file target29.csv (CSV, C-alpha atoms)
chain,number,residue,atom,x,y,z
H,1,MET,CA,30.8,-36.1,42.1
H,2,THR,CA,27.5,-35.2,40.5
H,3,ASN,CA,27.6,-31.7,42.0
H,4,LEU,CA,31.2,-31.3,41.1
H,5,GLY,CA,30.5,-32.3,37.5
H,6,ALA,CA,27.5,-30.1,37.2
H,7,SER,CA,29.5,-27.1,38.6
H,8,ILE,CA,32.4,-27.7,36.2
H,9,GLY,CA,30.0,-28.1,33.3
H,10,THR,CA,28.2,-24.9,34.1
H,11,ALA,CA,31.4,-23.0,34.6
H,12,LEU,CA,32.8,-24.3,31.3
H,13,ALA,CA,29.6,-23.5,29.4
H,14,GLY,CA,29.5,-20.0,30.8
H,15,ALA,CA,33.1,-19.4,30.0
H,16,VAL,CA,32.6,-20.5,26.4
H,17,LEU,CA,29.5,-18.5,26.1
H,18,ILE,CA,31.1,-15.2,27.3
H,19,ALA,CA,34.3,-15.8,25.2
H,20,VAL,CA,32.4,-16.5,22.0
H,21,LEU,CA,29.9,-13.7,22.7
H,22,THR,CA,32.7,-11.2,23.2
H,23,SER,CA,34.8,-12.2,20.2
H,24,SER,CA,31.8,-12.5,17.9
H,25,PHE,CA,30.4,-9.1,18.9
H,26,LEU,CA,33.6,-7.3,18.7
H,27,THR,CA,34.5,-8.8,15.3
H,28,GLY,CA,31.0,-8.0,14.0
H,29,VAL,CA,31.1,-4.4,15.2
H,30,GLN,CA,34.5,-3.9,13.6
H,31,ASN,CA,33.5,-5.4,10.3
H,32,ASN,CA,30.1,-3.7,10.1
H,33,PRO,CA,30.1,-0.7,7.7
H,34,ASP,CA,27.3,1.0,9.6
H,35,VAL,CA,29.4,1.3,12.7
H,36,PRO,CA,31.9,4.1,12.6
H,37,LYS,CA,35.5,3.1,13.2
H,38,ASN,CA,35.8,5.3,16.3
H,39,VAL,CA,32.8,3.6,17.9
H,40,ALA,CA,34.2,0.2,17.0
H,41,ALA,CA,37.6,1.1,18.6
H,42,GLN,CA,35.9,2.4,21.7
H,43,ALA,CA,33.9,-0.8,22.0
H,44,GLN,CA,37.1,-2.8,21.6
H,45,VAL,CA,38.7,-1.0,24.5
H,46,GLU,CA,35.7,-0.9,26.9
H,47,LEU,CA,34.5,-4.4,26.2
H,48,ALA,CA,37.7,-6.4,25.8
H,49,GLY,CA,37.3,-7.9,29.3
H,50,GLY,CA,33.9,-9.5,28.5
H,51,ILE,CA,30.6,-8.4,27.2
H,52,PRO,CA,27.5,-8.5,29.5
H,53,PHE,CA,24.7,-10.7,28.2
H,54,LEU,CA,22.1,-8.0,27.3
H,55,SER,CA,18.7,-8.2,25.7
H,56,ASP,CA,18.1,-6.1,22.6
H,57,LYS,CA,15.8,-3.8,24.6
H,58,ASP,CA,18.4,-3.2,27.3
H,59,LEU,CA,21.2,-2.6,24.8
H,60,GLN,CA,19.0,-0.2,22.8
H,61,ALA,CA,18.2,1.7,26.0
H,62,ALA,CA,21.9,2.0,26.8
H,63,LEU,CA,22.7,3.2,23.3
H,64,ASP,CA,19.9,5.7,23.4
H,65,GLU,CA,21.2,7.0,26.7
H,66,ALA,CA,24.7,7.3,25.2
H,67,ASN,CA,23.3,9.4,22.3
H,68,VAL,CA,24.4,6.9,19.6
H,69,PRO,CA,22.9,7.7,16.2
H,70,PRO,CA,19.9,5.4,15.3
H,71,LYS,CA,21.6,3.8,12.3
H,72,THR,CA,24.7,2.9,14.3
H,73,ALA,CA,22.6,1.7,17.3
H,74,ASP,CA,20.5,-0.6,15.0
H,75,ALA,CA,23.7,-2.1,13.6
H,76,ILE,CA,25.1,-2.6,17.1
H,77,VAL,CA,21.9,-4.2,18.3
H,78,ALA,CA,21.9,-6.6,15.3
H,79,GLU,CA,25.5,-7.6,16.0
H,80,ASN,CA,24.6,-8.2,19.6
H,81,ALA,CA,21.8,-10.5,18.6
H,82,ASP,CA,24.0,-12.5,16.2
H,83,ALA,CA,26.7,-12.7,18.8
H,84,ARG,CA,24.3,-14.0,21.4
H,85,ILE,CA,23.1,-16.8,19.1
H,86,ALA,CA,26.8,-17.7,18.2
H,87,GLY,CA,27.7,-17.8,21.9
H,88,LEU,CA,24.7,-20.0,22.8
H,89,ARG,CA,25.4,-22.4,19.9
H,90,SER,CA,29.0,-22.8,21.0
H,91,SER,CA,28.1,-23.2,24.6
H,92,LEU,CA,25.5,-25.9,23.9
H,93,SER,CA,27.9,-27.6,21.5
H,94,VAL,CA,30.5,-27.9,24.2
H,95,LEU,CA,27.9,-29.3,26.6
H,96,ALA,CA,26.8,-31.9,23.9
H,97,ILE,CA,30.4,-33.0,23.4
H,98,ILE,CA,30.8,-33.4,27.2
H,99,ALA,CA,27.6,-35.4,27.3
H,100,LEU,CA,28.8,-37.7,24.5
H,101,ILE,CA,32.1,-38.3,26.3
H,102,ALA,CA,30.3,-39.0,29.5
H,103,LEU,CA,28.0,-41.5,27.7
H,104,PHE,CA,31.0,-43.4,26.4
H,105,THR,CA,32.7,-43.5,29.7
H,106,THR,CA,29.7,-44.9,31.5
H,107,ARG,CA,30.2,-48.2,29.6
H,108,ARG,CA,33.0,-48.9,32.2
H,109,ILE,CA,30.5,-48.8,35.1
H,110,PRO,CA,29.9,-52.3,36.3
H,111,ALA,CA,26.4,-53.8,35.7
H,112,ARG,CA,26.2,-55.3,39.2
H,113,GLN,CA,27.6,-54.3,42.6
H,114,PRO,CA,31.0,-55.9,43.2
H,115,SER,CA,29.9,-57.4,46.6
H,116,ALA,CA,26.8,-59.0,45.1
H,117,ALA,CA,26.9,-62.7,44.4
H,118,PRO,CA,26.9,-63.7,40.7
H,119,ALA,CA,23.6,-64.3,39.2
H,120,GLU,CA,22.8,-67.9,38.4
H,121,PRO,CA,22.0,-68.6,34.8
H,122,SER,CA,18.4,-69.5,34.1
H,123,ALA,CA,17.2,-72.0,31.7
H,124,ASP,CA,15.8,-69.2,29.5
H,125,HIS,CA,19.0,-67.2,29.3
H,126,PRO,CA,22.1,-69.3,29.6
H,127,ASP,CA,25.5,-67.5,29.8
call {"tool": "encode", "arguments": {"input": "target29.csv", "output": "structure tokens"}}
result
Amino acid sequence: MTNLGASIGTALAGAVLIAVLTSSFLTGVQNNPDVPKNVAAQAQVELAGGIPFLSDKDLQAALDEANVPPKTADAIVAENADARIAGLRSSLSVLAIIALIALFTTRRIPARQPSAAPAEPSADHPD
């Protein structure tokens, strides 16, 4: 059960991360006045299936290779950095909520094994 829970939590956190990263980046690029509308439209079409998690350096290199003007490239790199932070915050928030839910559900775990004999009360701690 521990492995299953860890796997599901990791998959859920990753899905939230990619979904928020994609939507935040695409919204940011479309609303950024430094990014031409044709570039924003092309990004929408090519990246709608999910955005890879790229560092600023890797993204800058890809934009330079694609001959994107420097002002536009800087705006896109800035939007990518903001989108990564938003994705990580959302993903960690989901994990924190799951941890809180798990914390409250552990109250139902018995304090002693069901097959163990009941503890006899001591004089110091009567029941």
call {"tool": "residues_around", "arguments": {"input": "target29.csv", "residues": "range 14-21 of chain H", "least_positions_apart": "4", "cutoff": "9 Å", "atoms": "all atoms listed in the file", "output": "list in words"}}
result
Gly9, Thr10, Phe25, Leu26, Gly50, Ile51, Pro52, Phe53, Asn80, Asp82, Ala83, Arg84, Ile85, Ala86, Gly87, Leu88, Arg89, Ser90, Ser91, Leu92 and Val94 of chain H
call {"tool": "closest_residue", "arguments": {"input": "target29.csv", "among": "H:Ala75, H:Ala81, H:Ala11, H:Leu59", "to": "Ala40 in chain H", "atoms": "only C-alpha atoms"}}
result
H:Ala75
call {"tool": "closest_residue", "arguments": {"input": "target29.csv", "among": "H:Leu103, H:Ala66, H:Val29, H:Ala73", "to": "Ala43 in chain H", "atoms": "only C-alpha atoms"}}
result
H:Val29
call {"tool": "atom_distance", "arguments": {"input": "target29.csv", "atom1": "CA of Ile97 in chain H", "atom2": "CA of Leu12 in chain H"}}
result
12.0 Å
call {"tool": "atom_distance", "arguments": {"input": "target29.csv", "atom1": "CA of Pro69 in chain H", "atom2": "CA of Asn38 in chain H"}}
result
13.1 Å
call {"tool": "atom_distance", "arguments": {"input": "target29.csv", "atom1": "CA of Ala96 in chain H", "atom2": "CA of Pro110 in chain H"}}
result
24.1 Å
